[in-house]
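A.B. asks: I'm passing along model_13.txt; it holds compact mmCIF, C-alpha atoms.
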# COMPACT_ATOMS: atom_id res chain seq x y z
CA MET A 441 0.00 0.00 0.00
CA THR A 442 1.31 3.41 -0.94
CA ALA A 443 1.04 6.21 1.62
CA LEU A 444 -1.07 9.19 0.62
CA PRO A 445 1.08 12.11 -0.50
CA PRO A 446 0.22 15.67 0.61
CA PHE A 447 -2.84 16.74 -1.38
CA GLN A 448 -0.87 19.66 -2.80
CA THR A 449 1.30 17.12 -4.64
CA VAL A 450 -1.80 15.50 -6.12
CA LEU A 451 -2.98 18.90 -7.27
CA ASP A 452 0.42 19.80 -8.75
CA ASP A 453 0.74 16.49 -10.58
CA HIS A 454 -2.75 16.14 -12.01
CA SER A 455 -4.47 19.52 -12.25
CA GLY A 456 -3.33 19.94 -15.87
CA ALA A 457 -4.76 16.61 -16.99
CA VAL A 458 -8.02 17.12 -15.11
CA MET A 459 -8.47 20.59 -16.60
CA ALA A 460 -7.67 19.27 -20.07
CA ILE A 461 -10.27 16.53 -19.99
CA LEU A 462 -12.86 18.83 -18.48
CA GLN A 463 -12.30 21.46 -21.13
CA GLY A 464 -12.71 18.73 -23.71
CA ALA A 465 -15.77 17.32 -22.00
CA VAL A 466 -17.76 20.41 -21.01
CA GLY A 467 -16.03 23.32 -22.77
CA ARG A 468 -14.07 26.15 -21.27
CA GLU A 469 -17.02 27.85 -19.64
CA GLY A 470 -17.98 24.93 -17.46
CA ALA A 471 -14.50 23.54 -16.94
CA GLU A 472 -13.42 25.79 -14.06
CA ASP A 473 -16.50 24.96 -12.05
CA CYS A 474 -16.25 21.23 -12.79
CA PHE A 475 -12.56 21.39 -11.87
CA GLN A 476 -13.38 22.83 -8.45
CA GLU A 477 -16.17 20.30 -7.91
CA THR A 478 -13.81 17.50 -8.88
CA PHE A 479 -11.01 18.47 -6.52
CA LEU A 480 -13.37 19.37 -3.67
CA ALA A 481 -14.94 15.91 -3.93
CA ALA A 482 -11.46 14.41 -4.08
CA LEU A 483 -10.30 16.42 -1.06
CA ARG A 484 -13.35 15.34 0.97
CA ALA A 485 -12.76 11.67 0.23
CA TYR A 486 -8.95 11.78 0.23
CA PRO A 487 -8.09 10.71 3.82
CA LYS A 488 -10.18 7.55 3.39
CA LEU A 489 -8.82 6.65 -0.02
CA GLY A 490 -6.53 4.06 1.54
CA ASN A 491 -4.37 3.52 -1.51
CA ALA A 492 -2.46 6.03 -3.58
CA GLY A 493 -1.81 3.50 -6.33
CA ASN A 494 -3.81 5.14 -9.12
CA LEU A 495 -4.53 8.71 -8.10
CA ARG A 496 -4.81 9.85 -11.69
CA GLY A 497 -7.43 7.26 -12.60
CA TRP A 498 -9.31 8.08 -9.41
CA LEU A 499 -9.33 11.83 -10.17
CA LEU A 500 -10.33 11.30 -13.78
CA THR A 501 -13.20 9.09 -12.67
CA ILE A 502 -14.45 11.89 -10.42
CA ALA A 503 -13.91 14.45 -13.20
CA HIS A 504 -15.87 12.30 -15.58
CA ARG A 505 -18.78 12.11 -13.14
CA LYS A 506 -18.71 15.86 -12.61
CA ALA A 507 -18.75 16.40 -16.37
CA ILE A 508 -21.78 14.17 -16.67
CA ASP A 509 -23.50 16.04 -13.81
CA HIS A 510 -22.75 19.26 -15.64
CA HIS A 511 -24.31 18.01 -18.85
CA ARG A 512 -27.32 16.63 -17.03
CA ALA A 513 -27.85 19.97 -15.35
CA ARG A 514 -27.82 21.59 -18.75
CA GLY A 515 -30.24 19.14 -20.28
CA ARG A 516 -27.42 17.07 -21.66
CA ASN A 517 -27.17 19.04 -24.86
CA PRO A 518 -23.80 20.30 -25.96
CA VAL A 519 -23.54 24.00 -25.40
CA PRO A 520 -23.65 25.84 -28.68
CA VAL A 521 -21.01 28.51 -28.64
CA ALA A 522 -21.92 31.59 -30.64
CA GLU A 523 -18.50 33.08 -30.41
CA VAL A 524 -15.26 32.11 -28.83
CA ALA A 525 -14.85 34.17 -25.69
CA GLU A 526 -11.12 33.94 -25.31
CA VAL A 527 -8.37 33.16 -27.69
CA GLY A 528 -5.13 32.03 -26.24
CA VAL A 529 -3.17 29.05 -25.18
CA GLU A 530 -4.22 27.46 -21.93
CA ASP A 531 -1.63 25.47 -20.11
CA GLY A 532 -1.38 21.91 -21.24
CA ILE A 533 -3.47 22.44 -24.35
CA PRO A 534 -1.99 23.77 -27.52
CA GLU A 535 -3.91 26.34 -29.50
CA ARG A 536 -6.69 24.27 -30.82
CA ASP A 537 -9.09 23.94 -33.60
CA GLU A 538 -12.37 25.23 -32.19
CA ARG A 539 -14.37 23.44 -34.83
CA LEU A 540 -12.80 20.16 -33.82
CA TRP A 541 -13.45 20.70 -30.13
CA ASN A 542 -17.00 21.79 -30.74
CA ALA A 543 -17.46 18.50 -32.56
CA VAL A 544 -15.85 16.67 -29.64
CA GLY A 545 -18.20 18.49 -27.31
CA ALA A 546 -21.15 17.22 -29.33
CA LEU A 547 -20.21 13.54 -28.95
CA PRO A 548 -22.13 11.30 -26.53
CA PRO A 549 -20.56 11.50 -23.03
CA LYS A 550 -18.53 8.29 -23.02
CA GLN A 551 -17.14 8.81 -26.50
CA ARG A 552 -16.39 12.42 -25.69
CA ALA A 553 -14.57 11.48 -22.49
CA ALA A 554 -12.61 8.73 -24.26
CA VAL A 555 -11.49 11.10 -27.00
CA ALA A 556 -10.62 13.86 -24.53
CA LEU A 557 -8.66 11.47 -22.31
CA ARG A 558 -6.77 9.97 -25.23
CA TYR A 559 -5.95 13.16 -27.10
CA GLY A 560 -6.40 15.86 -24.45
CA SER A 561 -4.48 14.03 -21.70
CA ASP A 562 -2.57 11.43 -23.68
CA LEU A 563 -3.75 8.56 -21.49
CA PRO A 564 -3.32 4.91 -22.48
CA HIS A 565 -6.42 2.74 -22.96
CA ALA A 566 -6.09 1.09 -19.55
CA GLU A 567 -6.20 4.46 -17.76
CA ILE A 568 -9.07 5.66 -19.90
CA ALA A 569 -10.90 2.51 -18.88
CA ALA A 570 -10.14 3.21 -15.21
CA ALA A 571 -11.34 6.79 -15.58
CA LEU A 572 -14.56 5.79 -17.33
CA GLY A 573 -15.15 2.82 -15.05
CA CYS A 574 -15.38 0.38 -17.96
CA SER A 575 -13.27 -2.38 -19.51
CA PRO A 576 -10.31 -1.52 -21.75
CA GLU A 577 -12.24 -3.02 -24.67
CA ALA A 578 -15.19 -0.76 -24.01
CA ALA A 579 -12.82 2.21 -23.73
CA ARG A 580 -11.28 1.34 -27.06
CA ARG A 581 -14.71 0.93 -28.63
CA ASN A 582 -15.85 4.32 -27.33
CA LEU A 583 -12.69 5.92 -28.62
CA HIS A 584 -13.08 4.23 -31.99
CA GLU A 585 -16.74 5.21 -32.34
CA GLY A 586 -15.97 8.76 -31.24
CA LEU A 587 -13.20 9.14 -33.78
CA LYS A 588 -15.34 7.65 -36.53
CA ARG A 589 -18.05 10.16 -35.79
CA LEU A 590 -15.58 13.04 -35.68
CA ARG A 591 -14.13 12.10 -39.04
CA LYS A 592 -17.63 12.06 -40.51
CA GLU A 593 -18.55 15.39 -38.91
CA LEU A 594 -15.42 17.14 -40.01
CA ALA A 595 -15.06 15.57 -43.45
CA MET B 903 -1.52 35.85 -17.61
CA THR B 904 -3.34 33.73 -15.08
CA SER B 905 -4.37 30.46 -16.66
CA ALA B 906 -7.78 28.91 -16.24
CA THR B 907 -6.16 26.21 -14.10
CA ASP B 908 -4.53 28.73 -11.73
CA ARG B 909 -7.83 30.54 -11.36
CA ALA B 910 -9.66 27.30 -10.70
CA ILE B 911 -7.06 26.24 -8.10
CA GLU B 912 -7.38 29.56 -6.30
CA GLY B 913 -11.15 29.17 -6.17
CA LEU B 914 -10.78 25.57 -5.05
CA LYS B 915 -8.59 26.55 -2.09
CA ALA B 916 -10.99 29.27 -1.01
CA ARG B 917 -13.86 26.77 -1.07
CA ALA B 918 -11.81 24.11 0.72
CA THR B 919 -11.05 26.60 3.51
CA GLU B 920 -14.72 27.57 3.78
CA GLU B 921 -15.73 23.93 4.04
CA GLY B 922 -13.13 23.24 6.71
CA LEU B 923 -11.24 20.80 4.45
CA LEU B 924 -7.90 22.52 4.85
CA ASP B 925 -6.38 20.36 7.61
CA VAL B 926 -2.80 21.56 7.10
CA ALA B 927 -2.04 24.90 5.44
CA TYR B 928 1.56 25.65 4.60
CA THR B 929 3.76 28.23 2.97
CA THR B 930 7.41 29.13 2.75
CA ALA B 931 8.79 32.36 4.21
CA ASP B 932 12.12 34.09 3.77
CA SER B 933 14.46 34.42 6.72
CA PRO B 934 18.05 35.70 7.08
CA TYR B 935 19.10 32.02 7.14
CA GLY B 936 17.16 30.90 4.08
CA PRO B 937 13.59 29.74 3.38
CA LEU B 938 11.47 28.43 6.24
CA LEU B 939 8.57 26.05 5.87
CA LEU B 940 5.57 27.06 7.99
CA ALA B 941 2.66 24.67 8.54
CA GLN B 942 -0.50 25.25 10.51
CA THR B 943 -3.58 23.28 11.50
CA LYS B 944 -6.91 24.59 12.78
CA ARG B 945 -5.37 24.46 16.27
CA GLY B 946 -2.28 26.49 15.45
CA LEU B 947 1.28 26.41 14.20
CA VAL B 948 2.31 22.76 14.01
CA ARG B 949 5.63 22.72 12.16
CA VAL B 950 8.47 25.06 11.29
CA GLY B 951 11.02 23.66 8.85
CA LEU B 952 14.47 25.24 9.05
CA PRO B 953 16.43 26.16 5.89
CA ASN B 954 18.64 23.08 5.99
CA GLN B 955 15.69 20.70 6.34
CA ASP B 956 14.01 19.01 3.39
CA SER B 957 10.58 20.67 2.93
CA ASP B 958 9.19 17.89 0.77
CA ALA B 959 10.05 15.30 3.40
CA LEU B 960 8.45 17.46 6.12
CA LEU B 961 5.23 17.74 4.09
CA VAL B 962 5.13 13.98 3.50
CA ASP B 963 5.59 13.53 7.26
CA LEU B 964 2.74 15.96 8.00
CA ALA B 965 0.51 14.10 5.54
CA ALA B 966 1.21 10.84 7.37
CA ARG B 967 1.03 12.12 10.96
CA VAL B 968 -1.58 14.90 10.87
CA SER B 969 -3.72 14.60 7.73
CA PRO B 970 -3.10 14.12 4.01
CA ARG B 971 -5.27 17.18 3.37
CA VAL B 972 -2.17 19.36 3.07
CA LEU B 973 -2.41 22.42 0.82
CA GLU B 974 -0.24 25.41 0.12
CA ALA B 975 -2.19 28.41 1.41
CA PRO B 976 0.09 31.39 2.09
CA ALA B 977 -2.66 33.75 3.26
CA GLU B 978 -3.54 31.40 6.13
CA LEU B 979 -0.05 31.96 7.56
CA ASP B 980 0.15 35.73 7.21
CA GLU B 981 0.25 36.32 10.96
CA VAL B 982 2.99 33.73 11.52
CA ARG B 983 5.08 35.26 8.76
CA ARG B 984 4.51 38.75 10.13
CA GLU B 985 5.69 37.83 13.64
CA LEU B 986 8.73 35.97 12.34
CA ASP B 987 9.71 38.96 10.16
CA LEU B 988 9.50 41.22 13.21
CA TYR B 989 11.48 38.74 15.29
CA PHE B 990 14.31 38.58 12.76
CA ALA B 991 14.30 42.38 12.59
CA GLY B 992 14.83 42.46 16.37
CA LYS B 993 11.42 44.08 16.90
CA LEU B 994 9.56 41.26 18.58
CA ASP B 995 10.51 39.49 21.79
CA HIS B 996 7.43 37.35 22.33
CA PHE B 997 5.46 35.30 19.82
CA ASP B 998 1.74 35.45 20.25
CA LEU B 999 0.71 32.49 18.11
CA PRO B 1000 -1.54 29.51 18.87
CA LEU B 1001 0.51 26.31 18.80
CA ASP B 1002 -0.46 22.76 17.91
CA TRP B 1003 1.63 20.40 20.03
CA ARG B 1004 0.43 17.15 18.51
CA LEU B 1005 3.75 16.24 16.88
CA SER B 1006 5.35 15.72 20.28
CA SER B 1007 4.15 13.74 23.28
CA GLY B 1008 5.00 12.68 26.81
CA PHE B 1009 8.31 13.76 28.28
CA ARG B 1010 9.41 15.41 25.04
CA GLN B 1011 6.34 17.59 24.95
CA ARG B 1012 6.83 18.57 28.59
CA VAL B 1013 10.41 19.60 27.76
CA LEU B 1014 9.22 21.63 24.77
CA ARG B 1015 6.51 23.36 26.79
CA ALA B 1016 9.13 24.27 29.40
CA ILE B 1017 11.38 25.64 26.64
CA ASN B 1018 8.46 27.69 25.39
CA ARG B 1019 8.53 29.60 28.69
CA ILE B 1020 12.20 30.65 28.47
CA PRO B 1021 12.08 34.44 28.00
CA TYR B 1022 13.69 36.23 25.07
CA GLY B 1023 17.36 36.93 25.57
CA GLN B 1024 17.83 34.30 28.29
CA THR B 1025 19.24 30.80 28.20
CA ARG B 1026 18.80 27.60 30.21
CA SER B 1027 20.72 24.35 30.40
CA TYR B 1028 19.55 20.95 29.19
CA THR B 1029 19.66 19.82 32.83
CA GLU B 1030 17.25 22.57 33.90
CA MET B 1031 14.88 21.61 31.11
CA ALA B 1032 15.00 17.95 32.18
CA ARG B 1033 14.15 19.00 35.74
CA LYS B 1034 11.29 21.26 34.60
CA ALA B 1035 9.88 18.35 32.61
CA GLY B 1036 9.91 16.21 35.75
CA ASN B 1037 13.04 14.08 35.43
CA GLU B 1038 16.31 15.78 36.29
CA ARG B 1039 18.38 12.76 35.29
CA ALA B 1040 16.96 12.57 31.78
CA VAL B 1041 19.37 15.17 30.45
CA ARG B 1042 20.12 13.25 27.30
CA ALA B 1043 16.39 12.76 26.63
CA ALA B 1044 15.91 16.51 27.14
CA GLY B 1045 18.58 17.09 24.52
CA THR B 1046 16.78 14.74 22.15
CA ALA B 1047 13.53 16.60 22.78
CA CYS B 1048 15.23 19.87 21.80
CA GLY B 1049 16.65 18.23 18.71
CA SER B 1050 13.24 16.95 17.65
CA ASN B 1051 11.43 20.25 18.28
CA PRO B 1052 8.75 20.45 15.55
CA ILE B 1053 8.28 24.21 16.03
CA PRO B 1054 11.82 25.69 16.28
CA LEU B 1055 12.30 29.49 16.47
CA VAL B 1056 8.81 29.98 17.94
CA VAL B 1057 9.44 27.35 20.62
CA PRO B 1058 12.93 28.67 21.33
CA CYS B 1059 15.10 25.58 21.64
CA HIS B 1060 18.03 27.77 20.55
CA ARG B 1061 17.94 29.19 24.10
CA VAL B 1062 18.99 25.85 25.59
CA LEU B 1063 22.75 25.42 26.09
CA ARG B 1064 25.03 22.91 27.72
CA THR B 1065 25.80 23.40 31.38
CA GLY B 1066 28.82 25.72 31.34
CA GLY B 1067 27.57 27.61 28.29
CA ALA B 1068 28.74 25.55 25.30
CA LEU B 1069 26.30 25.88 22.42
CA GLY B 1070 25.32 22.19 22.21
CA GLY B 1071 23.49 21.33 19.00
CA TYR B 1072 20.88 22.86 16.70
CA GLY B 1073 18.67 21.40 13.99
CA GLY B 1074 19.29 24.40 11.79
CA GLY B 1075 23.07 24.21 12.25
CA LEU B 1076 25.25 25.85 14.90
CA PRO B 1077 25.86 29.11 12.94
CA MET B 1078 22.11 29.70 13.01
CA LYS B 1079 21.90 29.05 16.77
CA GLN B 1080 24.83 31.40 17.29
CA GLY B 1081 23.13 34.04 15.08
CA LEU B 1082 19.84 33.83 16.95
CA LEU B 1083 21.57 34.19 20.31
CA GLU B 1084 23.47 37.23 18.98
CA LEU B 1085 20.19 38.71 17.74
CA GLU B 1086 18.73 38.28 21.21
CA GLY B 1087 21.82 39.85 22.79
CA VAL B 1088 22.93 36.74 24.64
CA LEU B 1089 26.15 36.42 22.66
CA ASP B 1090 28.29 39.19 21.25
CA GLY B 1091 28.15 39.43 17.47
Would you mind writing the file out in structure tokens?

C.D. replies:
Amino acid sequence: MTALPPFQTVLDDHSGAVMAILQGAVGREGAEDCFQETFLAALRAYPKLGNAGNLRGWLLTIAHRKAIDHHRARGRNPVPVAEVAEVGVEDGIPERDERLWNAVGALPPKQRAAVALRYGSDLPHAEIAAALGCSPEAARRNLHEGLKRLRKELA
Amino acid sequence: MTSATDRAIEGLKARATEEGLLDVAYTTADSPYGPLLLAQTKRGLVRVGLPNQDSDALLVDLAARVSPRVLEAPAELDEVRRELDLYFAGKLDHFDLPLDWRLSSGFRQRVLRAINRIPYGQTRSYTEMARKAGNERAVRAAGTACGSNPIPLVVPCHRVLRTGGALGGYGGGLPMKQGLLELEGVLDG
């Protein structure tokens, strides 16, 4: 069993990845709020976590749930963005193709999360599976379906 | 430019504090001897790390012994930093800070509480501290208690010397002990 590191270390190591998947999953507007909800939930549960073996997968699972809550609260529809509020490079994410990310935002939740985790956070299939709470095969299938749909949308 | 992540982290810490989830707040502060680590719980100041001590190791230790909910939160330690600045400037001879004693226990804690009553600019011997803590013969244990002081500077273990006046030891190194005693006017600079 691995001892729990100071929570600040968890925040330093994983805040970039969590923000990246949330921006991919709910868009920039909702990401800050989902980020805070994610880490508050993590901080509440942290002392009882018991094992620091896969902190990243644990955090991404929480982030995924918060993203789903966010979409539910908004009637599950992707948020149409009339205009891009800010242009700039956020940390961890290169200047990106808004059209692409709008299309990602329009994917069904699991496909969207799989795509964001793979390409936004560069996670391997096993970690995507851990984050989504599904099998690696299911993660791969979601990723595959998501990419297929994106290619069609953007063709 | 503040990134979205920095902004979100700032908001997160404010909300964590409001919800009472900030079990250990810490920051680093400058001193004439190098950076100090300052850590505080809801009870009070729990740990001061001296410049030659490994801050990362101290934080890992706090996570294990107090709570893993350890977050950097400089504003929470403003008062501690303020009093230490005044102390190093020679403008403060008594710290008025709540202390959290949980990192010491038993005889060691009794020694440390006795040390905490040594006035500014005065010194005591390890033997006196052992007696104050209830066991005059435990001089060596009193020395160990000084050496393991979790809250140095504020709990002034630098004011404890060997019988006869030799400096003894100091967690922050003997030049620092010497410097602090010069600051307080005990030794000539």

A.B. asks: Taking 4 positions as the minimum chain separation for residues in the same chain, which residues sit within 10 Å of Pro576 (chain A) when counting all atoms listed in the file? Answer as a short mmCIF file (atom, residue, chain, number, x, y, z; two decimals) with C-alpha atoms, keeping the file's coordinate frame.

C.D. replies:
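So the final result, stored in part02.cif, reads:
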data_model
loop_
_atom_site.label_atom_id
_atom_site.label_comp_id
_atom_site.auth_asym_id
_atom_site.auth_seq_id
_atom_site.Cartn_x
_atom_site.Cartn_y
_atom_site.Cartn_z
CA PRO A 564 -3.32 4.91 -22.48
CA HIS A 565 -6.42 2.74 -22.96
CA ALA A 566 -6.09 1.09 -19.55
CA GLU A 567 -6.20 4.46 -17.76
CA ILE A 568 -9.07 5.66 -19.90
CA ALA A 569 -10.90 2.51 -18.88
CA ALA A 570 -10.14 3.21 -15.21
CA LEU A 572 -14.56 5.79 -17.33
CA ARG A 580 -11.28 1.34 -27.06
CA ARG A 581 -14.71 0.93 -28.63
CA ASN A 582 -15.85 4.32 -27.33
#

A.B. asks: Could you please select, counting only C-alpha atoms, the residues of chain B within 8 Å of chain A and state them as an MDAnalysis selection string?

C.D. replies: chainID B and resid 905:907 909:911 913:914 917:918 923 961:962 964:966 969:974

A.B. asks: For Leu1082 (chain B), which of B:Glu920, B:Pro1052, B:Ala1068, B:Phe990 is the closest residue, counting only C-alpha atoms?

C.D. replies: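 Smallest separation from Leu1082 (chain B) among the options: B:Phe990.
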
A.B. asks: Axis-aligned box over every listed atom of region 952-970 of chain B, padded by 3 Å per side: centre and edges in Å to one decimal, as JSON?

C.D. replies:
{"center_x": 7.5, "center_y": 18.5, "center_z": 5.9, "size_x": 28.4, "size_y": 21.3, "size_z": 16.2}

A.B. asks: Using Å and a single decimal, report how far CA of Ala482 (chain A) sits from CA of Gly586 (chain A).

C.D. replies: 28.1 Å

A.B. asks: In Å, with one decimal, what is the gap from CA of Asn954 (chain B) to CA of Gly1074 (chain B)?

C.D. replies: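 Result for CA of Asn954 (chain B) versus CA of Gly1074 (chain B): 6.0 Å, one decimal.
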
A.B. asks: Scan for residues within 12 Å of the point (-2.0, -0.1, -7.9) in the coordinates of the file, using all atoms listed in the file, and reply as a JSON list (two decimals) with C-alpha atoms, keeping the file's coordinate frame.

C.D. replies:
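Wrote it out as out36.json, contents follow:
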[["chain", "number", "residue", "atom", "x", "y", "z"],
["A", 441, "MET", "CA", 0.00, 0.00, 0.00],
["A", 442, "THR", "CA", 1.31, 3.41, -0.94],
["A", 443, "ALA", "CA", 1.04, 6.21, 1.62],
["A", 490, "GLY", "CA", -6.53, 4.06, 1.54],
["A", 491, "ASN", "CA", -4.37, 3.52, -1.51],
["A", 492, "ALA", "CA", -2.46, 6.03, -3.58],
["A", 493, "GLY", "CA", -1.81, 3.50, -6.33],
["A", 494, "ASN", "CA", -3.81, 5.14, -9.12],
["A", 495, "LEU", "CA", -4.53, 8.71, -8.10],
["A", 496, "ARG", "CA", -4.81, 9.85, -11.69],
["A", 497, "GLY", "CA", -7.43, 7.26, -12.60],
["A", 498, "TRP", "CA", -9.31, 8.08, -9.41],
["A", 567, "GLU", "CA", -6.20, 4.46, -17.76],
["A", 570, "ALA", "CA", -10.14, 3.21, -15.21]]

A.B. asks: Could you please determine the separation between CA of Leu594 (chain A) and CA of His510 (chain A) in Å, to one decimal place?

C.D. replies: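 Distance reported for this atom pair: 25.5 Å.
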
A.B. asks: Counting only C-alpha atoms, note down every residue that has an atom within 8 Å of the point (6.9, 18.3, 20.0) (file coordinates), as a ChimeraX atom specification.

C.D. replies: /B:1003-1007,1010-1011,1014,1047,1050-1053

A.B. asks: Find, counting only C-alpha atoms, the residue in A:Leu462, A:Arg552, A:Tyr559, A:Ala579 that gets nearest to Leu500 (chain A).

C.D. replies: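 Once distances to Leu500 (chain A) are computed over only C-alpha atoms, the minimum belongs to A:Leu462.
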
A.B. asks: I'd like the neighbourhood of Val948 (chain B) as a PyMOL selection string, where a residue qualifies if any of its atoms comes within 6 Å (using all atoms listed in the file), though same-chain residues fewer than 6 positions away should be ignored.

C.D. replies: chain B and resi 941-942+1002
